Structures are given as structure tokens and as C-alpha cells.
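Trainee: Dropping a structure here in C-alpha cells format, bear with me for questions.
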Amino acid sequence: DGKLWLIGGKVDFDPSSSVVIYDIDADSWGPGPALPHALLCPRATTLDGEVFVAASAGTWLYRNATWVGVEVPGGPNAEFPGCASILLG
């Protein structure tokens with residue numbers, strides 16, 4: 001929907017729970033919904049309009065204006081990420 005989410009990461013060498021959202025049409029940044037945990041190396045993608053975040057601390061999706069913890073049977077091991085990913089579209 002024309003927005004890019006920056007999720008978690010490192011701030012002053014500490015894991016972060018921050019989420020900031022860039023609105024492409026407005027060319028502006030704004031705050032997003034804070035993560036339930038500070039995450040150092042999360043992976044994120046979207047599916048059917050929902051944002052999924054996976055990290056060594058767990059997996060969450062953003063649904064109905066809140067982060068919900070989800071189980072991902074046979075999901076990827078997020079303990080040692082080789083890269084981060086995001087699906088735009």
C-alpha cells in the first residue's frame with residue numbers, strides 16, 4: 001500500500017523493538033507499532049496484507065492493529081540470519 005516498514009535491528013549496539021514506516025506518496029516517516037520484543041536481526045515479509053516478523057526470539061504477525069505470536073512448524077531457523085528480507089507489493 002505504498003509503505004516501507006523498517007523493523008527492529010540495532011540501535012547503539014542494542015536490539016531494538018522500534019518500527020518506523022516510510023510513506024512513499026507523502027515522502028515522510030512515521031512511527032509504527034512497537035514490536036513485542038527487541039529484535040537484533042529480524043526477517044520480515046508480507047502476506048495477504050499482514051506483516052510477518054521472524055527472529056530467534058519468536059515469530060509474530062501484525063493483525064488487527066496488534067502483534068500476535070504465531071507458531072511456524074518447520075519454519076526457518078532465525079537464530080543465524082544470513083540476510084534480512086522484505087517483500088514489497
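Just so we're on the same page: first chain in the C-alpha cells is A, next is B, and so on; residues restart at 1 for each chain, and ligands are numbered from 1 in the order they show up.
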Show me, as a list in words, the residues that have an atom within 8 Å of range 19-33 of chain A when counting only C-alpha atoms, minus same-chain residues fewer than 5 positions from it.

Mentor: Gly2, Lys3, Leu4, Trp5, Leu6, Ile7, Gly8, Ala65 and Thr66 of chain A

Trainee: Just to be explicit: take each residue in the selection above, keep C-alpha atoms, and write the result as a PDB file, in the first residue's frame.

Mentor:
ATOM      1  CA  GLY A   2       2.900   2.350  -0.708  1.00  0.00           C
ATOM      2  CA  LYS A   3       4.654   1.977   2.638  1.00  0.00           C
ATOM      3  CA  LEU A   4       8.026   0.561   3.669  1.00  0.00           C
ATOM      4  CA  TRP A   5       8.422  -0.749   7.225  1.00  0.00           C
ATOM      5  CA  LEU A   6      11.810  -0.730   8.986  1.00  0.00           C
ATOM      6  CA  ILE A   7      11.568  -3.307  11.756  1.00  0.00           C
ATOM      7  CA  GLY A   8      13.845  -3.895  14.766  1.00  0.00           C
ATOM      8  CA  ALA A  65      -3.588  -3.435  14.922  1.00  0.00           C
ATOM      9  CA  THR A  66      -1.628  -5.731  17.261  1.00  0.00           C
TER      10      THR A  66
END

Trainee: Quick one: everything within 6 Å of Tyr62 in chain A, counting only C-alpha atoms, minus sequence neighbours fewer than 2 positions away in the same chain. Send it as a VMD selection string.

Mentor: chain A and resid 50 to 51 66 to 67

Trainee: Between CA of Phe13 in chain A and CA of Val72 in chain A, what is the spacing in Å?

Mentor: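 We find that CA of Val72 in chain A and CA of Phe13 in chain A lie 28.5 Å from each other.
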
Trainee: Find the residue from A:Leu39, A:Ala34, A:Val70, A:Ala54 that sits nearest to Gly9 in chain A; use only C-alpha atoms when measuring.

Mentor: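 Closest candidate: A:Leu39.
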
Trainee: Choose the residue, out of A:Leu40, A:Val68, A:Leu35, A:Val53, that has the smallest atom-to-atom separation from Ser18 in chain A; count only C-alpha atoms.

Mentor: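 So, comparing all the options, the nearest one is A:Leu35.
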
Trainee: DSSP on the backbone: which residues in chain A end up as strand (DSSP E)? Give the answer as a PyMOL selection string.

Mentor: chain A and resi 3-7+10-11+14-15+19-23+28-31+43-47+50-55+58-63+66-69

Trainee: Using only C-alpha atoms, find the one residue out of A:Ala55, A:Ala44, A:Ala38, A:Leu61 that sits nearest to Pro15 in chain A.

Mentor: A:Ala38

Trainee: I'd like to know which of A:Asp14, A:Thr59, A:Gly49, A:Glu71 is closest to Pro36 in chain A, using only C-alpha atoms.

Mentor: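 Distance minimum relative to Pro36 in chain A lands on A:Thr59.
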